[in-house]
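Everything on this sheet refers to the single structure shown next.
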Amino acid sequence: MTQAVRKAVFPAAGLGTRFLPATKAQPKEMLPLVDKPIIQYGVEEAVASGIANIILVTGRGKNAIEDHFDVSVELETFLEARGKRDQLDEVRKISNLINFAYVRQGEPLGLGHAVLVARELVGNEPFAVILGDDVIDANPPAIKQMIDVFNQVNGPVLAVERVPREDISSYGVIDVAPGARLGDGVFQVRDLVEKPPREEAPSDLAIIGRYVLTPDIFSALAATKSDRTGEIQLTNGLRELLKTRPIYACEVKGVRHDTGNKLGFLKAVVYFALRRPDLSDKFSSYLASLDLRAPAGKR
């Protein structure tokens, strides 16, 4: 029998330079999609997938993330005294969601390094890795879909998505082993390539921000050399692991938003606002009324 996936690692030590100056004094993971920070969507996905322990890999200036998921006695007391029960329940739900642990990544040395520094907290058991930038609206949740595949194949599982060829060089890309019939949208991985040129990409199946990994990834990452930028890439660590065991990929069913860039972030704000019953009608009416050709101040 496969071990249960009980832990999820959230790398959150990046500097968020794409969103400067907004991220000069606050983590990019705390930028709000409507009224919840980006990272909370991923944490709620983990909870809905049956994961009970969250390991946050943080860095300097990330204290706001820890504070967000901690108990805020002053705020709860204030809301209770004012009779704001709905808001109080929402705040308490955040701090009661799950068990949190934190580990510092001293320098931003790549995704592979971020996963490696969580080694002692993960221990000798399978675990998920969730990249907060990728917010996925899916039912069942994306990580739950992958855990189901993990239980089937008893091996590491990567989330993949078909992306246009013109965008493929921004992703890690898998090469699919021919002939392996594992079910709809499930593949055995023959090779992985980190950000290949478009003409050299082995497929259009790009690795996105969800992984279910086995603990032997840590020794593979420890044996992985830094790339030309000085970072340890998780894709390269997975290539090392592929030498000793099969790795699989799951084409996740759902809607993914890459909030790590400004356009993706704005699309996600609109998407989740329109998914809200309390906002959708008025917000969609507002969007339909916009006339962007009108001079500023006359809309």
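All residue names refer to the structure tokens as shown: chains lettered A, B, ... in order, residues numbered from 1 in each chain, ligands numbered from 1 in order.
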
Legend entry - Close residues, stretch 217-221 of chain A itself excluded, 9 Å, only C-alpha atoms, min 6 positions apart in chain, as a PyMOL selection string: chain A and resi 112-113+115-116+119+156+232-234+236-241

Inset, instruction - Identify, on the basis of only C-alpha atoms, every residue whose closest approach to A:Lys24 does not exceed 12 Å; exclude the query and any residue fewer than 4 positions from it along the same chain; express the result as a list in words. - result: Gly14, Leu15, Gly16, Thr17, Arg18, Phe19, Leu20, Lys28, Leu31, Arg60, Gly61 and Lys62 of chain A

Restrict the selected residues to all heavy atoms and save them as an mmCIF file, in the first residue's frame.
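This went into result35.cif:
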data_model
loop_
_atom_site.group_PDB
_atom_site.id
_atom_site.type_symbol
_atom_site.label_atom_id
_atom_site.label_comp_id
_atom_site.auth_asym_id
_atom_site.auth_seq_id
_atom_site.Cartn_x
_atom_site.Cartn_y
_atom_site.Cartn_z
ATOM 1 N N GLY A 14 10.542 33.677 -2.705
ATOM 2 C CA GLY A 14 10.913 34.533 -3.829
ATOM 3 C C GLY A 14 10.752 36.011 -3.507
ATOM 4 O O GLY A 14 10.028 36.398 -2.579
ATOM 5 N N LEU A 15 11.406 36.845 -4.287
ATOM 6 C CA LEU A 15 11.422 38.288 -4.027
ATOM 7 C C LEU A 15 10.256 39.030 -4.676
ATOM 8 O O LEU A 15 10.022 40.192 -4.363
ATOM 9 C CB LEU A 15 12.748 38.883 -4.517
ATOM 10 C CG LEU A 15 14.005 38.322 -3.833
ATOM 11 C CD1 LEU A 15 15.257 38.918 -4.465
ATOM 12 C CD2 LEU A 15 13.970 38.595 -2.333
ATOM 13 N N GLY A 16 9.541 38.397 -5.589
ATOM 14 C CA GLY A 16 8.369 39.040 -6.194
ATOM 15 C C GLY A 16 8.702 40.258 -7.006
ATOM 16 O O GLY A 16 7.933 41.232 -7.036
ATOM 17 N N THR A 17 9.814 40.234 -7.718
ATOM 18 C CA THR A 17 10.267 41.440 -8.428
ATOM 19 C C THR A 17 9.332 41.854 -9.557
ATOM 20 O O THR A 17 9.309 43.026 -9.942
ATOM 21 C CB THR A 17 11.679 41.220 -8.996
ATOM 22 O OG1 THR A 17 11.703 40.012 -9.781
ATOM 23 C CG2 THR A 17 12.693 41.085 -7.870
ATOM 24 N N ARG A 18 8.540 40.926 -10.099
ATOM 25 C CA ARG A 18 7.626 41.288 -11.189
ATOM 26 C C ARG A 18 6.538 42.245 -10.725
ATOM 27 O O ARG A 18 5.904 42.908 -11.545
ATOM 28 C CB ARG A 18 6.973 40.038 -11.768
ATOM 29 C CG ARG A 18 7.908 39.125 -12.538
ATOM 30 C CD ARG A 18 7.157 37.934 -13.080
ATOM 31 N NE ARG A 18 8.013 37.020 -13.815
ATOM 32 C CZ ARG A 18 7.604 35.889 -14.358
ATOM 33 N NH1 ARG A 18 6.323 35.530 -14.256
ATOM 34 N NH2 ARG A 18 8.445 35.095 -14.999
ATOM 35 N N PHE A 19 6.304 42.313 -9.405
ATOM 36 C CA PHE A 19 5.213 43.141 -8.892
ATOM 37 C C PHE A 19 5.721 44.350 -8.107
ATOM 38 O O PHE A 19 4.951 44.956 -7.361
ATOM 39 C CB PHE A 19 4.272 42.296 -8.027
ATOM 40 C CG PHE A 19 3.358 41.415 -8.818
ATOM 41 C CD1 PHE A 19 3.750 40.143 -9.184
ATOM 42 C CD2 PHE A 19 2.116 41.867 -9.231
ATOM 43 C CE1 PHE A 19 2.913 39.323 -9.931
ATOM 44 C CE2 PHE A 19 1.271 41.062 -9.966
ATOM 45 C CZ PHE A 19 1.678 39.786 -10.326
ATOM 46 N N LEU A 20 6.985 44.674 -8.250
ATOM 47 C CA LEU A 20 7.473 45.903 -7.631
ATOM 48 C C LEU A 20 6.769 47.112 -8.249
ATOM 49 O O LEU A 20 6.460 47.099 -9.436
ATOM 50 C CB LEU A 20 8.987 46.019 -7.844
ATOM 51 C CG LEU A 20 9.842 45.080 -6.992
ATOM 52 C CD1 LEU A 20 11.300 45.119 -7.460
ATOM 53 C CD2 LEU A 20 9.749 45.455 -5.505
ATOM 54 N N LYS A 28 4.632 38.819 -2.246
ATOM 55 C CA LYS A 28 3.709 38.715 -3.383
ATOM 56 C C LYS A 28 2.631 37.691 -3.091
ATOM 57 O O LYS A 28 1.516 37.774 -3.620
ATOM 58 C CB LYS A 28 4.453 38.340 -4.662
ATOM 59 C CG LYS A 28 5.005 36.923 -4.686
ATOM 60 C CD LYS A 28 5.546 36.535 -6.047
ATOM 61 C CE LYS A 28 6.046 35.107 -6.054
ATOM 62 N NZ LYS A 28 6.527 34.654 -7.369
ATOM 63 N N LEU A 31 -0.661 39.201 -1.964
ATOM 64 C CA LEU A 31 -1.503 40.039 -2.816
ATOM 65 C C LEU A 31 -2.896 39.410 -2.901
ATOM 66 O O LEU A 31 -3.025 38.199 -3.069
ATOM 67 C CB LEU A 31 -0.895 40.171 -4.210
ATOM 68 C CG LEU A 31 0.453 40.883 -4.290
ATOM 69 C CD1 LEU A 31 0.981 40.851 -5.719
ATOM 70 C CD2 LEU A 31 0.340 42.324 -3.798
ATOM 71 N N ARG A 60 13.515 36.223 4.097
ATOM 72 C CA ARG A 60 13.463 37.528 4.760
ATOM 73 C C ARG A 60 12.290 38.346 4.217
ATOM 74 O O ARG A 60 12.031 38.375 3.020
ATOM 75 C CB ARG A 60 14.781 38.270 4.519
ATOM 76 C CG ARG A 60 14.882 39.598 5.249
ATOM 77 C CD ARG A 60 16.235 40.237 4.990
ATOM 78 N NE ARG A 60 17.314 39.381 5.467
ATOM 79 C CZ ARG A 60 17.744 39.360 6.729
ATOM 80 N NH1 ARG A 60 17.160 40.135 7.633
ATOM 81 N NH2 ARG A 60 18.740 38.575 7.078
ATOM 82 N N GLY A 61 11.565 39.006 5.138
ATOM 83 C CA GLY A 61 10.460 39.864 4.729
ATOM 84 C C GLY A 61 9.152 39.139 4.493
ATOM 85 O O GLY A 61 8.205 39.726 3.955
ATOM 86 N N LYS A 62 9.054 37.872 4.907
ATOM 87 C CA LYS A 62 7.850 37.085 4.662
ATOM 88 C C LYS A 62 7.002 36.888 5.924
ATOM 89 O O LYS A 62 6.113 36.038 5.949
ATOM 90 C CB LYS A 62 8.233 35.713 4.099
ATOM 91 C CG LYS A 62 9.001 35.771 2.791
ATOM 92 C CD LYS A 62 8.102 36.176 1.624
ATOM 93 C CE LYS A 62 8.851 36.102 0.307
ATOM 94 N NZ LYS A 62 7.965 36.196 -0.855
#

Inset, instruction - For A:Phe100, please output as an MDAnalysis selection string all residues within 12 Å (counting only C-alpha atoms; exclusion window: fewer than 3 positions along the same chain). - result: chainID A and resid 7:10 43 47 51:57 65:71 94:97 103 121

Could you list, as a PDB file with all heavy atoms, in the first residue's frame, every residue within 7 Å of A:Ala48, counting only C-alpha atoms and ignoring same-chain residues fewer than 3 positions away?
ATOM      1  N   GLU A  44      -6.100  26.266   1.032  1.00  0.00           N
ATOM      2  CA  GLU A  44      -7.445  25.701   1.062  1.00  0.00           C
ATOM      3  C   GLU A  44      -7.560  24.494   0.130  1.00  0.00           C
ATOM      4  O   GLU A  44      -8.275  23.531   0.432  1.00  0.00           O
ATOM      5  CB  GLU A  44      -8.471  26.780   0.694  1.00  0.00           C
ATOM      6  CG  GLU A  44      -8.611  27.845   1.775  1.00  0.00           C
ATOM      7  CD  GLU A  44      -9.598  28.941   1.405  1.00  0.00           C
ATOM      8  OE1 GLU A  44     -10.084  28.941   0.251  1.00  0.00           O
ATOM      9  OE2 GLU A  44      -9.889  29.789   2.271  1.00  0.00           O
ATOM     10  N   GLU A  45      -6.850  24.524  -0.993  1.00  0.00           N
ATOM     11  CA  GLU A  45      -6.819  23.364  -1.890  1.00  0.00           C
ATOM     12  C   GLU A  45      -6.208  22.156  -1.188  1.00  0.00           C
ATOM     13  O   GLU A  45      -6.712  21.029  -1.314  1.00  0.00           O
ATOM     14  CB  GLU A  45      -6.015  23.700  -3.143  1.00  0.00           C
ATOM     15  CG  GLU A  45      -5.881  22.544  -4.121  1.00  0.00           C
ATOM     16  CD  GLU A  45      -4.940  22.837  -5.268  1.00  0.00           C
ATOM     17  OE1 GLU A  45      -4.893  24.003  -5.713  1.00  0.00           O
ATOM     18  OE2 GLU A  45      -4.246  21.903  -5.726  1.00  0.00           O
ATOM     19  N   PRO A 141     -10.219  19.039  -6.203  1.00  0.00           N
ATOM     20  CA  PRO A 141      -9.047  19.918  -6.251  1.00  0.00           C
ATOM     21  C   PRO A 141      -7.883  19.283  -6.999  1.00  0.00           C
ATOM     22  O   PRO A 141      -7.767  18.053  -7.066  1.00  0.00           O
ATOM     23  CB  PRO A 141      -8.702  20.110  -4.764  1.00  0.00           C
ATOM     24  CG  PRO A 141      -9.967  19.805  -4.029  1.00  0.00           C
ATOM     25  CD  PRO A 141     -10.666  18.770  -4.824  1.00  0.00           C
TER      26      PRO A 141
END

So that I can see what lies close to A:Val157, please list as a PDB file with N, CA, C and O atoms, in the first residue's frame the residues with an atom at most 8 Å from it, counting only C-alpha atoms and leaving out residues fewer than 3 positions away in the same chain.
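What follows is the written file around.pdb:
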ATOM      1  N   MET A 146      -4.205  14.514  -8.270  1.00  0.00           N
ATOM      2  CA  MET A 146      -2.862  13.956  -8.361  1.00  0.00           C
ATOM      3  C   MET A 146      -2.612  12.876  -7.312  1.00  0.00           C
ATOM      4  O   MET A 146      -1.926  11.884  -7.574  1.00  0.00           O
ATOM      5  N   VAL A 149      -3.956   9.700  -8.563  1.00  0.00           N
ATOM      6  CA  VAL A 149      -3.043   9.077  -9.524  1.00  0.00           C
ATOM      7  C   VAL A 149      -1.852   8.466  -8.784  1.00  0.00           C
ATOM      8  O   VAL A 149      -1.410   7.350  -9.100  1.00  0.00           O
ATOM      9  N   PHE A 150      -1.325   9.177  -7.796  1.00  0.00           N
ATOM     10  CA  PHE A 150      -0.209   8.652  -6.992  1.00  0.00           C
ATOM     11  C   PHE A 150      -0.572   7.308  -6.359  1.00  0.00           C
ATOM     12  O   PHE A 150       0.230   6.368  -6.354  1.00  0.00           O
ATOM     13  N   TYR A 211       3.004  19.159  -7.527  1.00  0.00           N
ATOM     14  CA  TYR A 211       3.785  17.927  -7.562  1.00  0.00           C
ATOM     15  C   TYR A 211       3.367  17.053  -6.384  1.00  0.00           C
ATOM     16  O   TYR A 211       3.069  17.574  -5.306  1.00  0.00           O
ATOM     17  N   VAL A 212       3.354  15.746  -6.587  1.00  0.00           N
ATOM     18  CA  VAL A 212       3.288  14.794  -5.482  1.00  0.00           C
ATOM     19  C   VAL A 212       4.567  13.965  -5.591  1.00  0.00           C
ATOM     20  O   VAL A 212       4.778  13.264  -6.586  1.00  0.00           O
ATOM     21  N   LEU A 213       5.424  14.087  -4.578  1.00  0.00           N
ATOM     22  CA  LEU A 213       6.769  13.545  -4.657  1.00  0.00           C
ATOM     23  C   LEU A 213       7.029  12.517  -3.562  1.00  0.00           C
ATOM     24  O   LEU A 213       6.371  12.517  -2.514  1.00  0.00           O
ATOM     25  N   ILE A 247       8.600   8.070 -13.177  1.00  0.00           N
ATOM     26  CA  ILE A 247       7.886   9.289 -12.792  1.00  0.00           C
ATOM     27  C   ILE A 247       6.701   9.431 -13.732  1.00  0.00           C
ATOM     28  O   ILE A 247       6.774   9.069 -14.914  1.00  0.00           O
ATOM     29  N   TYR A 248       5.606   9.969 -13.210  1.00  0.00           N
ATOM     30  CA  TYR A 248       4.365  10.040 -13.969  1.00  0.00           C
ATOM     31  C   TYR A 248       3.876  11.493 -14.021  1.00  0.00           C
ATOM     32  O   TYR A 248       4.327  12.360 -13.265  1.00  0.00           O
ATOM     33  N   ALA A 249       2.956  11.748 -14.925  1.00  0.00           N
ATOM     34  CA  ALA A 249       2.371  13.078 -15.070  1.00  0.00           C
ATOM     35  C   ALA A 249       0.862  12.957 -15.170  1.00  0.00           C
ATOM     36  O   ALA A 249       0.340  11.970 -15.698  1.00  0.00           O
ATOM     37  N   CYS A 250       0.183  13.965 -14.648  1.00  0.00           N
ATOM     38  CA  CYS A 250      -1.280  13.997 -14.641  1.00  0.00           C
ATOM     39  C   CYS A 250      -1.736  15.319 -15.248  1.00  0.00           C
ATOM     40  O   CYS A 250      -1.338  16.391 -14.778  1.00  0.00           O
TER      41      CYS A 250
END

Legend entry - Residues of stretch 56-273 of chain A in helix (DSSP H, G or I), written as an MDAnalysis selection string: chainID A and resid 63:68 73:81 85:96 111:116 119:122 142:153 165:170 198:200 217:222 234:242 262:273
